[in-house]
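K.L.:
Here you go, data-v8.txt (compact mmCIF, C-alpha atoms):
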# COMPACT_ATOMS: atom_id res chain seq x y z
CA PRO A 4 0.00 0.00 0.00
CA ASN A 5 2.87 2.43 0.66
CA LEU A 6 4.32 2.20 -2.84
CA ASN A 7 0.83 2.51 -4.29
CA GLN A 8 0.30 5.63 -2.20
CA LEU A 9 3.68 7.01 -3.28
CA ALA A 10 2.67 6.58 -6.93
CA ALA A 11 -0.78 8.07 -6.34
CA GLU A 12 0.80 11.16 -4.81
CA GLY A 13 3.27 11.63 -7.65
CA ILE A 14 4.27 10.09 -10.98
CA ARG A 15 4.22 6.47 -12.10
CA PHE A 16 6.55 5.86 -15.06
CA THR A 17 5.62 3.08 -17.48
CA ASP A 18 8.89 3.29 -19.45
CA PHE A 19 11.53 3.52 -16.73
CA TYR A 20 14.86 1.78 -17.37
CA SER A 21 17.73 0.60 -15.22
CA ALA A 22 21.27 1.09 -16.50
CA ALA A 23 21.77 -2.67 -16.92
CA PRO A 24 19.82 -5.93 -16.59
CA VAL A 25 21.83 -7.00 -13.52
CA CYS A 26 22.85 -5.51 -10.18
CA SER A 27 26.43 -4.18 -10.10
CA PRO A 28 26.55 -2.42 -13.48
CA SER A 29 23.07 -1.03 -12.88
CA ARG A 30 24.14 0.54 -9.57
CA VAL A 31 27.32 1.97 -11.03
CA GLY A 32 25.31 3.50 -13.88
CA LEU A 33 22.86 5.01 -11.40
CA MET A 34 25.70 6.55 -9.39
CA THR A 35 27.59 7.98 -12.39
CA GLY A 36 25.02 8.88 -15.05
CA ARG A 37 27.14 6.89 -17.49
CA SER A 38 26.83 3.46 -19.01
CA PRO A 39 28.53 1.10 -16.55
CA ASN A 40 30.71 -0.12 -19.42
CA ARG A 41 32.55 3.21 -19.22
CA ALA A 42 33.46 2.34 -15.64
CA GLY A 43 34.51 -1.18 -16.62
CA VAL A 44 31.64 -2.82 -14.73
CA PHE A 45 30.17 -5.24 -17.26
CA ASP A 46 28.48 -7.79 -14.99
CA TRP A 47 27.71 -8.47 -11.33
CA ILE A 48 30.78 -8.28 -9.10
CA PRO A 49 31.69 -11.35 -7.02
CA GLU A 50 33.35 -10.75 -3.67
CA GLY A 51 36.92 -11.99 -3.29
CA ASN A 52 40.60 -11.15 -3.35
CA SER A 53 42.06 -14.05 -5.34
CA PRO A 54 43.20 -13.10 -8.88
CA LYS A 55 40.99 -14.34 -11.70
CA PRO A 56 42.11 -15.07 -15.27
CA ASP A 57 39.62 -12.56 -16.68
CA ALA A 58 40.63 -9.83 -14.18
CA ARG A 59 37.18 -9.94 -12.62
CA ASP A 60 38.67 -9.59 -9.15
CA GLN A 61 39.83 -6.11 -10.12
CA VAL A 62 36.39 -4.82 -11.12
CA HIS A 63 35.11 -1.90 -9.07
CA MET A 64 33.80 1.64 -9.42
CA ARG A 65 37.08 3.53 -9.50
CA ASP A 66 37.80 6.57 -7.37
CA SER A 67 38.09 8.64 -10.55
CA GLU A 68 34.39 8.18 -11.32
CA VAL A 69 32.28 11.29 -10.75
CA THR A 70 29.23 10.32 -8.71
CA ILE A 71 25.96 11.84 -7.56
CA PRO A 72 27.05 12.20 -3.91
CA LYS A 73 30.39 13.74 -4.89
CA LEU A 74 28.68 16.41 -6.98
CA LEU A 75 25.93 17.07 -4.45
CA LYS A 76 28.49 17.47 -1.67
CA GLN A 77 30.13 20.18 -3.78
CA ALA A 78 26.71 21.85 -3.92
CA GLY A 79 26.42 21.84 -0.12
CA TYR A 80 24.43 18.65 0.43
CA ALA A 81 24.94 16.12 3.20
CA THR A 82 25.07 12.58 1.80
CA ALA A 83 24.42 9.11 3.20
CA MET A 84 23.48 5.61 2.09
CA ALA A 85 22.31 2.32 3.55
CA GLY A 86 21.88 -1.12 2.02
CA LYS A 87 23.38 -3.02 -0.89
CA TRP A 88 26.56 -1.45 -2.32
CA HIS A 89 27.85 -4.01 -4.85
CA CYS A 90 30.21 -1.59 -6.62
CA ASN A 91 33.43 -3.41 -5.73
CA SER A 92 34.84 -6.90 -5.16
CA LYS A 93 37.12 -6.04 -2.23
CA PHE A 94 34.57 -4.68 0.21
CA ASN A 95 35.72 -2.77 3.28
CA SER A 96 39.29 -3.07 2.05
CA PRO A 97 41.88 -0.35 1.39
CA GLU A 98 42.60 -2.03 -1.95
CA GLN A 99 39.47 -0.57 -3.59
CA PRO A 100 37.28 2.52 -3.03
CA GLN A 101 34.38 2.14 -0.60
CA PRO A 102 31.06 4.05 -0.29
CA GLY A 103 32.79 6.84 1.60
CA ASP A 104 35.23 7.30 -1.28
CA ALA A 105 32.25 7.60 -3.64
CA GLY A 106 31.06 10.66 -1.74
CA PHE A 107 28.92 9.38 1.12
CA ASP A 108 29.46 11.11 4.48
CA HIS A 109 27.80 8.20 6.27
CA TRP A 110 27.17 4.63 5.14
CA LEU A 111 25.89 1.27 6.32
CA ALA A 112 26.34 -1.33 3.60
CA THR A 113 26.97 -4.88 2.46
CA GLN A 114 29.09 -5.90 -0.51
CA ASN A 115 26.20 -7.79 -2.13
CA ASN A 116 23.25 -9.49 -0.48
CA ALA A 117 22.31 -9.55 3.18
CA SER A 118 23.82 -12.70 4.69
CA PRO A 119 23.06 -15.37 5.64
CA THR A 120 19.53 -14.19 4.74
CA HIS A 121 17.42 -11.06 5.21
CA ALA A 122 16.76 -12.21 8.78
CA ASN A 123 19.36 -11.12 11.34
CA PRO A 124 22.12 -10.36 8.81
CA ASN A 125 25.72 -10.35 10.01
CA ASN A 126 27.61 -8.75 7.11
CA PHE A 127 26.81 -5.04 7.41
CA VAL A 128 29.65 -2.53 7.68
CA ARG A 129 29.12 1.00 9.02
CA ASN A 130 31.66 3.64 7.98
CA GLY A 131 34.41 1.04 7.68
CA GLU A 132 33.61 -0.87 10.88
CA ALA A 133 31.99 -4.32 10.78
CA VAL A 134 28.73 -4.23 12.72
CA GLY A 135 28.31 -7.96 13.38
CA ALA A 136 24.97 -9.71 13.75
CA MET A 137 21.98 -7.37 13.65
CA ALA A 138 18.54 -8.29 14.96
CA GLY A 139 15.71 -7.84 12.48
CA TYR A 140 15.10 -7.95 8.75
CA SER A 141 17.40 -6.24 6.29
CA CYS A 142 14.87 -3.81 4.82
CA GLN A 143 13.79 -2.67 8.27
CA LEU A 144 17.42 -2.24 9.36
CA VAL A 145 18.21 -0.23 6.24
CA ALA A 146 15.11 1.91 6.73
CA ARG A 147 15.97 2.45 10.41
CA GLU A 148 19.46 3.62 9.46
CA GLY A 149 17.93 6.08 7.03
CA ILE A 150 15.31 7.28 9.51
CA ASP A 151 17.88 7.82 12.25
CA TRP A 152 20.32 9.63 9.97
CA ILE A 153 17.69 11.86 8.34
CA SER A 154 16.09 12.70 11.69
CA GLY A 155 19.44 13.57 13.24
CA HIS A 156 20.51 15.61 10.24
CA VAL A 157 17.29 17.65 10.14
CA ARG A 158 17.57 18.40 13.86
CA LYS A 159 21.22 19.45 13.69
CA ASN A 160 21.30 21.08 10.25
CA PRO A 161 17.71 22.01 9.31
CA ASP A 162 18.82 24.32 6.49
CA GLN A 163 21.24 21.92 4.81
CA PRO A 164 19.76 19.81 1.98
CA PHE A 165 20.53 16.10 1.96
CA PHE A 166 20.75 13.12 -0.39
CA PHE A 167 20.05 9.62 0.96
CA TYR A 168 20.50 6.48 -1.15
CA MET A 169 18.49 3.62 0.36
CA ALA A 170 19.26 0.32 -1.39
CA PHE A 171 17.02 -2.45 -0.08
CA HIS A 172 18.15 -6.07 -0.47
CA GLU A 173 14.60 -7.41 -0.62
CA PRO A 174 13.27 -9.28 -2.57
CA HIS A 175 16.61 -10.68 -3.81
CA GLU A 176 17.54 -14.17 -2.64
CA PRO A 177 18.43 -15.50 -0.07
CA ILE A 178 14.95 -14.56 1.10
CA ALA A 179 13.55 -14.50 4.63
CA SER A 180 10.29 -12.87 5.71
CA PRO A 181 8.43 -12.26 9.00
CA GLU A 182 6.16 -15.17 9.87
CA ASP A 183 3.17 -12.95 10.64
CA ILE A 184 3.25 -11.58 7.09
CA VAL A 185 3.94 -14.97 5.46
CA MET A 186 0.86 -16.33 7.24
CA THR A 187 -1.42 -13.83 5.47
CA TYR A 188 -0.36 -15.15 2.05
CA ARG A 189 -0.50 -18.91 2.58
CA SER A 190 -4.13 -19.13 1.51
CA VAL A 191 -3.46 -17.50 -1.88
CA ALA A 192 0.07 -18.69 -2.66
CA LYS A 193 0.79 -21.87 -4.61
CA THR A 194 3.70 -22.84 -2.35
CA GLU A 195 5.31 -21.85 0.93
CA GLU A 196 8.12 -20.27 -1.06
CA GLU A 197 5.70 -18.08 -2.99
CA ALA A 198 4.03 -16.95 0.23
CA THR A 199 7.47 -16.08 1.60
CA PHE A 200 8.29 -14.08 -1.53
CA PHE A 201 5.02 -12.12 -1.36
CA ALA A 202 5.66 -11.40 2.32
CA ASN A 203 9.18 -10.26 1.44
CA VAL A 204 7.83 -7.61 -0.91
CA GLU A 205 5.30 -6.46 1.69
CA ASN A 206 7.97 -6.21 4.36
CA MET A 207 9.99 -3.93 2.07
CA ASP A 208 6.85 -1.91 1.34
CA ASN A 209 6.33 -1.50 5.09
CA ALA A 210 9.89 -0.18 5.38
CA VAL A 211 9.16 2.39 2.67
CA GLY A 212 6.08 3.44 4.63
CA LYS A 213 8.13 4.08 7.76
CA VAL A 214 10.53 6.31 5.83
CA LEU A 215 7.66 8.29 4.30
CA LYS A 216 6.07 8.71 7.74
CA THR A 217 9.36 10.07 9.07
CA LEU A 218 9.54 12.69 6.33
CA LYS A 219 6.01 13.78 7.23
CA ASP A 220 6.71 13.83 10.97
CA LEU A 221 9.74 16.04 10.29
CA SER A 222 7.58 18.34 8.13
CA ILE A 223 9.93 17.93 5.16
CA ASP A 224 7.79 15.63 3.02
CA LYS A 225 6.42 18.41 0.81
CA ASN A 226 9.85 19.57 -0.34
CA THR A 227 11.61 16.20 -0.51
CA LEU A 228 11.91 14.38 -3.84
CA VAL A 229 11.42 10.66 -3.26
CA VAL A 230 12.33 8.26 -6.07
CA PHE A 231 11.66 4.52 -6.06
CA THR A 232 13.10 2.18 -8.67
CA SER A 233 14.96 -1.12 -9.10
CA ASP A 234 18.33 -2.26 -10.40
CA ASN A 235 16.96 -4.82 -12.88
CA GLY A 236 13.94 -6.80 -13.93
CA PRO A 237 12.53 -9.76 -12.02
CA GLU A 238 14.24 -13.03 -11.27
CA THR A 239 11.97 -15.96 -12.06
CA LEU A 240 11.87 -19.67 -11.35
CA ASN A 241 13.10 -20.41 -14.87
CA ARG A 242 16.81 -19.65 -14.50
CA TYR A 243 18.33 -22.14 -12.06
CA PRO A 244 17.02 -25.06 -9.96
CA SER A 245 17.74 -23.52 -6.54
CA ALA A 246 15.69 -20.37 -7.27
CA LYS A 247 12.78 -21.62 -5.20
CA PHE A 248 11.92 -18.19 -3.82
CA SER A 249 12.26 -16.23 -7.08
CA TRP A 250 8.60 -15.65 -7.81
CA GLY A 251 9.06 -12.46 -9.78
CA ARG A 252 6.82 -12.19 -12.84
CA PRO A 253 7.75 -10.21 -15.95
CA ASP A 254 4.36 -10.32 -17.72
CA PRO A 255 3.59 -8.79 -20.16
CA LEU A 256 7.26 -8.09 -20.86
CA ARG A 257 9.50 -10.61 -22.63
CA GLY A 258 12.44 -12.15 -20.80
CA MET A 259 13.65 -11.60 -17.25
CA LYS A 260 16.65 -10.33 -15.31
CA LEU A 261 19.87 -10.85 -17.31
CA TRP A 262 18.06 -10.42 -20.65
CA THR A 263 18.31 -7.42 -22.97
CA THR A 264 14.61 -7.64 -23.80
CA GLU A 265 12.31 -5.28 -21.90
CA ALA A 266 11.90 -7.48 -18.83
CA GLY A 267 15.64 -7.26 -18.23
CA PHE A 268 15.74 -3.56 -17.49
CA ARG A 269 12.29 -1.96 -17.72
CA VAL A 270 11.66 -1.48 -14.02
CA ALA A 271 9.48 0.31 -11.50
CA GLY A 272 9.71 4.07 -11.58
CA ILE A 273 7.90 6.27 -9.03
CA MET A 274 8.59 9.88 -8.06
CA ARG A 275 6.88 12.07 -5.48
CA TRP A 276 7.60 15.72 -4.75
CA PRO A 277 4.42 17.50 -3.59
CA GLU A 278 5.78 21.03 -4.07
CA ARG A 279 6.82 20.38 -7.67
CA ILE A 280 5.01 17.28 -8.99
CA LYS A 281 1.29 17.07 -9.65
CA ALA A 282 -0.20 13.98 -8.05
CA GLY A 283 -1.77 11.07 -9.89
CA GLN A 284 0.24 11.22 -13.10
CA THR A 285 1.16 8.31 -15.37
CA ILE A 286 3.94 9.18 -17.79
CA HIS A 287 5.02 7.12 -20.79
CA HIS A 288 8.20 9.00 -21.78
CA ALA A 289 11.37 6.91 -21.51
CA VAL A 290 13.42 7.73 -18.40
CA SER A 291 16.56 5.95 -17.17
CA SER A 292 18.46 5.72 -13.91
CA LEU A 293 21.31 7.21 -15.98
CA ASP A 294 19.27 10.43 -15.87
CA PHE A 295 19.53 10.82 -12.08
CA LEU A 296 22.95 12.47 -12.00
CA PRO A 297 22.28 15.28 -14.50
CA THR A 298 18.80 15.82 -13.05
CA PHE A 299 19.88 16.00 -9.42
CA CYS A 300 22.73 18.33 -10.38
CA GLU A 301 20.28 20.65 -12.11
CA LEU A 302 18.00 20.64 -9.09
CA ALA A 303 20.94 21.35 -6.77
CA GLY A 304 22.16 24.24 -8.89
CA THR A 305 25.41 22.60 -9.90
CA LYS A 306 26.79 21.06 -13.08
CA PRO A 307 28.83 17.95 -13.90
CA PRO A 308 32.30 18.61 -15.32
CA ARG A 309 32.10 19.56 -19.00
CA SER A 310 34.60 16.84 -19.85
CA LEU A 311 32.37 14.13 -18.34
CA GLU A 312 30.88 11.88 -21.03
CA LEU A 313 27.34 11.37 -19.71
CA ASP A 314 24.85 8.92 -21.18
CA GLY A 315 21.90 10.25 -19.19
CA ALA A 316 20.05 13.55 -19.50
CA SER A 317 17.96 15.68 -17.16
CA PHE A 318 14.43 14.35 -16.82
CA LEU A 319 13.02 17.64 -15.51
CA PRO A 320 11.01 18.16 -18.74
CA VAL A 321 9.13 14.97 -17.86
CA LEU A 322 7.71 16.66 -14.79
CA GLN A 323 5.75 18.80 -17.28
CA ASN A 324 4.93 15.63 -19.27
CA LYS A 325 7.46 16.48 -21.98
CA PRO A 326 10.05 14.01 -23.31
CA VAL A 327 13.64 13.99 -22.09
CA LYS A 328 15.89 15.97 -24.45
CA ARG A 329 18.50 13.35 -25.28
CA SER A 330 21.63 13.91 -27.35
CA LYS A 331 21.96 10.15 -27.82
CA PRO A 332 19.75 7.07 -27.52
CA LEU A 333 19.85 4.71 -24.53
CA VAL A 334 22.24 1.84 -25.31
CA TRP A 335 22.91 -1.33 -23.33
CA ALA A 336 25.78 -3.75 -24.05
CA TYR A 337 25.59 -6.76 -21.75
CA TYR A 338 28.04 -9.41 -22.90
CA ASN A 339 26.75 -12.10 -20.54
CA ALA A 340 23.08 -11.87 -21.52
CA ILE A 341 21.01 -15.04 -21.36
CA ASN A 342 19.29 -14.21 -24.65
CA ASP A 343 21.23 -14.13 -27.91
CA HIS A 344 21.02 -10.38 -28.45
CA ARG A 345 23.76 -8.80 -26.30
CA VAL A 346 23.18 -5.20 -27.42
CA ALA A 347 19.98 -3.15 -27.13
CA MET A 348 18.95 0.43 -27.89
CA ARG A 349 15.90 2.56 -27.11
CA SER A 350 15.48 5.33 -29.68
CA GLY A 351 12.18 7.19 -29.55
CA PRO A 352 9.42 4.57 -29.59
CA TYR A 353 11.72 1.91 -31.04
CA LYS A 354 13.61 -0.86 -29.30
CA VAL A 355 16.48 -2.42 -31.24
CA LEU A 356 18.16 -5.73 -30.40
CA ALA A 357 21.38 -6.97 -32.03
CA ARG A 358 23.57 -10.04 -31.84
CA LEU A 359 27.34 -10.10 -31.46
CA ASP A 360 29.35 -13.11 -32.63
CA LEU A 361 30.93 -13.61 -29.22
CA PRO A 362 30.90 -16.19 -26.46
CA LYS A 363 29.35 -15.06 -23.19
CA MET A 364 31.71 -12.82 -21.23
CA GLN A 365 31.52 -11.74 -17.60
CA ASN A 366 34.24 -9.15 -18.05
CA VAL A 367 36.00 -7.25 -20.82
CA TYR A 368 39.74 -7.16 -20.24
CA SER A 369 43.10 -7.21 -21.98
CA GLY A 370 42.67 -10.86 -22.97
CA ASN A 371 39.42 -10.50 -24.92
CA ILE A 372 39.05 -6.85 -25.88
CA GLU A 373 40.26 -7.38 -29.45
CA GLN A 374 37.68 -10.11 -29.93
CA VAL A 375 34.98 -7.74 -28.69
CA ARG A 376 36.17 -4.94 -30.95
CA GLN A 377 36.12 -7.18 -34.01
CA ALA A 378 32.61 -8.52 -33.39
CA ARG A 379 29.95 -6.99 -35.61
CA LEU A 380 26.32 -6.20 -34.83
CA THR A 381 24.04 -8.58 -36.75
CA ASP A 382 20.48 -9.91 -36.89
CA LEU A 383 18.81 -6.71 -35.79
CA GLU A 384 15.28 -6.87 -34.44
CA ILE A 385 13.11 -3.75 -34.16
CA TYR A 386 9.99 -3.28 -32.06
CA ASN A 387 7.67 -0.30 -31.70
CA LEU A 388 7.18 -0.30 -27.94
CA GLU A 389 4.28 2.14 -28.12
CA LYS A 390 2.30 -0.57 -29.91
CA ASP A 391 4.17 -3.75 -29.01
CA ILE A 392 5.30 -3.86 -25.39
CA LYS A 393 5.69 -7.65 -25.63
CA GLU A 394 8.33 -7.34 -28.39
CA ALA A 395 6.37 -9.81 -30.49
CA ASN A 396 6.26 -8.07 -33.89
CA ASN A 397 9.74 -7.67 -35.37
CA LEU A 398 9.65 -4.82 -37.90
CA SER A 399 13.07 -5.52 -39.43
CA PRO A 400 11.94 -7.84 -42.25
CA THR A 401 9.20 -5.49 -43.48
CA ASN A 402 10.60 -1.98 -43.02
CA GLY A 403 13.91 -1.63 -44.81
CA LYS A 404 14.11 2.14 -44.43
CA LEU A 405 13.61 1.99 -40.67
CA LEU A 406 16.11 -0.87 -40.43
CA LYS A 407 18.75 1.15 -42.27
CA THR A 408 18.20 4.24 -40.11
CA LEU A 409 18.35 2.38 -36.80
CA THR A 410 21.28 0.21 -37.92
CA THR A 411 23.29 3.36 -38.62
CA GLU A 412 22.31 4.83 -35.26
CA LEU A 413 23.14 1.68 -33.32
CA ASP A 414 26.47 1.21 -35.11
CA ARG A 415 27.45 4.75 -34.15
CA TYR A 416 26.46 4.77 -30.51
CA TYR A 417 27.47 1.20 -29.69
CA GLY A 418 30.82 1.95 -31.33
CA GLU A 419 31.24 5.07 -29.22
CA LEU A 420 30.33 3.16 -26.06
CA LEU A 421 32.80 0.38 -26.83
CA GLN A 422 35.50 2.93 -27.57
CA GLY A 423 34.83 4.63 -24.24
CA SER A 424 34.67 1.46 -22.13
CA HIS A 425 37.24 0.91 -19.40
CA ILE A 426 39.27 -2.23 -20.06
CA TRP A 427 40.91 -4.11 -17.21
CA THR A 428 44.39 -5.65 -17.51
CA ALA A 429 44.81 -9.24 -16.40
CA GLU A 430 47.61 -9.88 -13.94
CA PRO A 431 50.37 -12.15 -15.29
CA ALA A 432 50.28 -15.74 -14.09
CA LYS A 433 52.54 -16.41 -11.12
Is it possible to express this structure as C-alpha cells?

P.N.:
Amino acid sequence: PNLNQLAAEGIRFTDFYSAAPVCSPSRVGLMTGRSPNRAGVFDWIPEGNSPKPDARDQVHMRDSEVTIPKLLKQAGYATAMAGKWHCNSKFNSPEQPQPGDAGFDHWLATQNNASPTHANPNNFVRNGEAVGAMAGYSCQLVAREGIDWISGHVRKNPDQPFFFYMAFHEPHEPIASPEDIVMTYRSVAKTEEEATFFANVENMDNAVGKVLKTLKDLSIDKNTLVVFTSDNGPETLNRYPSAKFSWGRPDPLRGMKLWTTEAGFRVAGIMRWPERIKAGQTIHHAVSSLDFLPTFCELAGTKPPRSLELDGASFLPVLQNKPVKRSKPLVWAYYNAINDHRVAMRSGPYKVLARLDLPKMQNVYSGNIEQVRQARLTDLEIYNLEKDIKEANNLSPTNGKLLKTLTTELDRYYGELLQGSHIWTAEPAK
C-alpha cells in the first residue's frame, strides 16, 4: 500500500529503465550517469581477493568516477546511504574505493546481499567498521538507518539539503520474511516459497512506509523528492534449480533479469515531490536511472564537469509531461546476456536488439578486448514499444528504411560506447 500511495501522490513511469539488466553495473550506472561499461563494470561483481584469469577480481567503481554524492556534496548537500553497495569486489578493504570514497558522508552497507539471509544479517559494515549480527530484517534495518540519519541531520542542520541512497536487499535471494506476514499469504500462494516471496515484498513496502512517515513527521515531506526504482527486472523460477523463492513475474514483458529484452531492465519508476510534482500522473516517456545524475545536479544548482561523457540527460522536462531531451539514444551492451542479443537500444518509440558473434563474457579485459572490438552487430530486431510492449512483432523484415536508419544509429552509438569502455588488464600468471 505504501508504494501505491507514493505513486498516487506523484508520478508512475511506465517506461523507466535501469542502466543494466543486472545488479552491479546497474548501480554503477545510477551513481555515475554513465553506461557502466565506461566504468569497466560489465556484470555483477563477485566478492573476493584471489586473482581471476579474466581480471574480474579487479572490477570496481574507481575513485576517478564522478558520482551523484560527490557532486551534491560540492553543492552543499549532506550525503548518506544504507543497504546493498555491490560496486566493488574487495569490500571494506583499502585495496578498492568504498562508499565513503564515492562521496557518502555516512554509510551502512553490504558488498552484495544480506547474509546469511534477510533475517538477522551479520555482514553489514558502518563507515568502515563491521557491525556484526543485527537483529531484524534487512529492509527494516536499512530503513531504520535512514530514519535515524535523516532525523538527526534535520535536527542538527535544518537548512542543509541532503541526499540519501536507500538500497534495499529485498526481494533478492536469499529470502527470509516475517512469519506474521507470510501467514497472510498462505491461503493465496501456490507454495510456501511463494508466500514467503510475497511477504518479502510487503515487508519492504512497510519499510518504505516508515521512511515516508518520518519525512512527514519532520515536516519535510512536501519539499523532498522521493524516487523509487529497481536495479533490474525480475528473477523468475526459470533460470536455475535452486531459485525456489524467485517468484518475480515479468508479464507482459518478454524475458527476465539478465536479458536485454524489456523485462531485463524496464523497471518500476515512481517519483513524489508534492511542491513540484502534480499527483496522480502516469507518464510514458522513456526515463533511465542514468538520468539521475544530470537531473539531481540541475535541481541542486550545480553542473557535472564539462569533460564528463554522460549517457543520461535531465528528466526535468518529464515533470511537465514532456520528453527527455537526449543527445543520444539509450544503449545497453551486456556481454553475458542469457538471450542471444547482447546489445539493445531505445530510440524514440523503437527498441532495437542486435547479436554479437561472441561467447558469453563476464568481463572485458586485456585478454578479450580485441575479440569484442572485431565482433559486428548482426540480426537486428526492431519493435515499436508504443504498440508492441511484448516485443512480439519484429519490424526488421518489413521496413527496410527503418532498419537502415536504426542500424546506422546503433552502429554509431554502440561503437562510441565500446571505444569509451574501461578495459581491465589481467595480472600475469605467477

K.L.:
Near Phe19 of chain A, counting only C-alpha atoms, which residues have an atom at most 6 Å away, once you skip same-chain residues fewer than 6 positions from it, shown as a list in words?

P.N.:
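That gives Arg269, Val270, Gly272, Ala289, Val290 and Ser291 of chain A.
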
K.L.:
Kindly provide, as a PyMOL selection string, the polymer residues lying within 12 Å of (40.1, -17.0, -13.6), counting all atoms listed in the file and using the coordinates exactly as they appear in the file.

P.N.:
chain A and resi 51-61+365-366+368+370+429-432

K.L.:
Go ahead and write the selection's residues with C-alpha atoms as a JSON list (two decimals), in the coordinates of the input.

P.N.:
[["chain", "number", "residue", "atom", "x", "y", "z"],
["A", 51, "GLY", "CA", 36.92, -11.99, -3.29],
["A", 52, "ASN", "CA", 40.60, -11.15, -3.35],
["A", 53, "SER", "CA", 42.06, -14.05, -5.34],
["A", 54, "PRO", "CA", 43.20, -13.10, -8.88],
["A", 55, "LYS", "CA", 40.99, -14.34, -11.70],
["A", 56, "PRO", "CA", 42.11, -15.07, -15.27],
["A", 57, "ASP", "CA", 39.62, -12.56, -16.68],
["A", 58, "ALA", "CA", 40.63, -9.83, -14.18],
["A", 59, "ARG", "CA", 37.18, -9.94, -12.62],
["A", 60, "ASP", "CA", 38.67, -9.59, -9.15],
["A", 61, "GLN", "CA", 39.83, -6.11, -10.12],
["A", 365, "GLN", "CA", 31.52, -11.74, -17.60],
["A", 366, "ASN", "CA", 34.24, -9.15, -18.05],
["A", 368, "TYR", "CA", 39.74, -7.16, -20.24],
["A", 370, "GLY", "CA", 42.67, -10.86, -22.97],
["A", 429, "ALA", "CA", 44.81, -9.24, -16.40],
["A", 430, "GLU", "CA", 47.61, -9.88, -13.94],
["A", 431, "PRO", "CA", 50.37, -12.15, -15.29],
["A", 432, "ALA", "CA", 50.28, -15.74, -14.09]]

K.L.:
Near Ile150 of chain A, within 9 Å and counting all atoms listed in the file, which residues show up once chain neighbours fewer than 6 positions away are dropped, as a VMD selection string?

P.N.:
chain A and resid 213 to 214 217 to 218

K.L.:
Hey, can you check how far atom CA of Glu312 of chain A sits from atom CA of Pro49 of chain A?

P.N.:
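Computed distance, atom CA of Glu312 of chain A to atom CA of Pro49 of chain A, equals 27.1 Å.
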
K.L.:
So which one's closest to Thr263 of chain A, A:Glu373, A:Asp343, A:Glu301, A:Asp220? Using only C-alpha atoms, please.

P.N.:
A:Asp343

K.L.:
Smallest atom-to-atom distance to Asp391 of chain A: which of A:Gln101, A:Leu420, A:Arg257, A:Ser317, using all atoms listed in the file?

P.N.:
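Ranked by minimum distance to Asp391 of chain A, first place goes to A:Arg257.
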
K.L.:
When you count all atoms listed in the file, which of these residues is closest to Gly43 of chain A: A:Met64, A:Ala83, A:Ala340, A:Val229?

P.N.:
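Closest to Gly43 of chain A of all the choices is A:Met64.
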
K.L.:
Which residue, A:Gln323, A:Asn130, A:Asn209, A:Asn402, has the smallest gap to Arg147 of chain A when you use all atoms listed in the file?

P.N.:
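Nearest to Arg147 of chain A: A:Asn209.
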
K.L.:
For Thr428 of chain A, which residue out of A:Val62, A:Lys260, A:Glu389, A:Tyr80 is the nearest one, using only C-alpha atoms?

P.N.:
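When distances to Thr428 of chain A are compared using only C-alpha atoms, the smallest one comes from A:Val62.
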
K.L.:
Rank nothing, just name the residue among A:Pro161, A:Asp224, A:Gly86, A:Ile178 nearest to Ala202 of chain A, using all atoms listed in the file.

P.N.:
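Residue with the minimum atom-to-atom distance to Ala202 of chain A: A:Ile178.
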
K.L.:
Would you give me, as CSV, each residue of segment 158-197 of chain A having an atom within 12 Å of an atom of segment 105-119 of chain A, along with its shortest atom pair and that distance in Å to one decimal, using only C-alpha atoms and sorting by chain and residue number?

P.N.:
residue,atom,partner,partner_atom,distance
A:Phe165,CA,A:Asp108,CA,10.5
A:Phe166,CA,A:Phe107,CA,9.1
A:Phe167,CA,A:Phe107,CA,8.9
A:Tyr168,CA,A:Phe107,CA,9.2
A:Met169,CA,A:Leu111,CA,9.8
A:Ala170,CA,A:Ala112,CA,8.8
A:Phe171,CA,A:Asn116,CA,9.4
A:His172,CA,A:Asn116,CA,6.1
A:Glu173,CA,A:Ala117,CA,8.9
A:Pro174,CA,A:Asn116,CA,10.2
A:His175,CA,A:Asn116,CA,7.5
A:Glu176,CA,A:Asn116,CA,7.7
A:Pro177,CA,A:Pro119,CA,7.4
A:Ile178,CA,A:Ala117,CA,9.1
A:Ala179,CA,A:Pro119,CA,9.6

K.L.:
Could you dump the residues just selected with C-alpha atoms as a PDB file, in the frame of the given file?

P.N.:
ATOM      1  CA  PHE A 165      20.530  16.100   1.960  1.00  0.00           C
ATOM      2  CA  PHE A 166      20.750  13.120  -0.390  1.00  0.00           C
ATOM      3  CA  PHE A 167      20.050   9.620   0.960  1.00  0.00           C
ATOM      4  CA  TYR A 168      20.500   6.480  -1.150  1.00  0.00           C
ATOM      5  CA  MET A 169      18.490   3.620   0.360  1.00  0.00           C
ATOM      6  CA  ALA A 170      19.260   0.320  -1.390  1.00  0.00           C
ATOM      7  CA  PHE A 171      17.020  -2.450  -0.080  1.00  0.00           C
ATOM      8  CA  HIS A 172      18.150  -6.070  -0.470  1.00  0.00           C
ATOM      9  CA  GLU A 173      14.600  -7.410  -0.620  1.00  0.00           C
ATOM     10  CA  PRO A 174      13.270  -9.280  -2.570  1.00  0.00           C
ATOM     11  CA  HIS A 175      16.610 -10.680  -3.810  1.00  0.00           C
ATOM     12  CA  GLU A 176      17.540 -14.170  -2.640  1.00  0.00           C
ATOM     13  CA  PRO A 177      18.430 -15.500  -0.070  1.00  0.00           C
ATOM     14  CA  ILE A 178      14.950 -14.560   1.100  1.00  0.00           C
ATOM     15  CA  ALA A 179      13.550 -14.500   4.630  1.00  0.00           C
TER      16      ALA A 179
END

K.L.:
Just to confirm, what's the straight-line distance from atom CA of Ile273 of chain A to atom CA of Ala10 of chain A in Å (one decimal)?

P.N.:
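Answer for the atom CA of Ile273 of chain A to atom CA of Ala10 of chain A separation: 5.6 Å.
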
K.L.:
Report, in Å to a single decimal, how far apart atom CA of Cys300 of chain A and atom CA of Gln77 of chain A are.

P.N.:
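So the two atoms, atom CA of Gln77 of chain A and atom CA of Cys300 of chain A, lie 10.1 Å apart.
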
K.L.:
List the neighbours of segment 354-358 of chain A out to 12 Å using only C-alpha atoms; skip same-chain residues closer than 6 positions along the sequence, and give me the result as number ranges by chain.

P.N.:
A: 18, 262-265, 269, 289, 332-348, 378-399, 405-414, 417
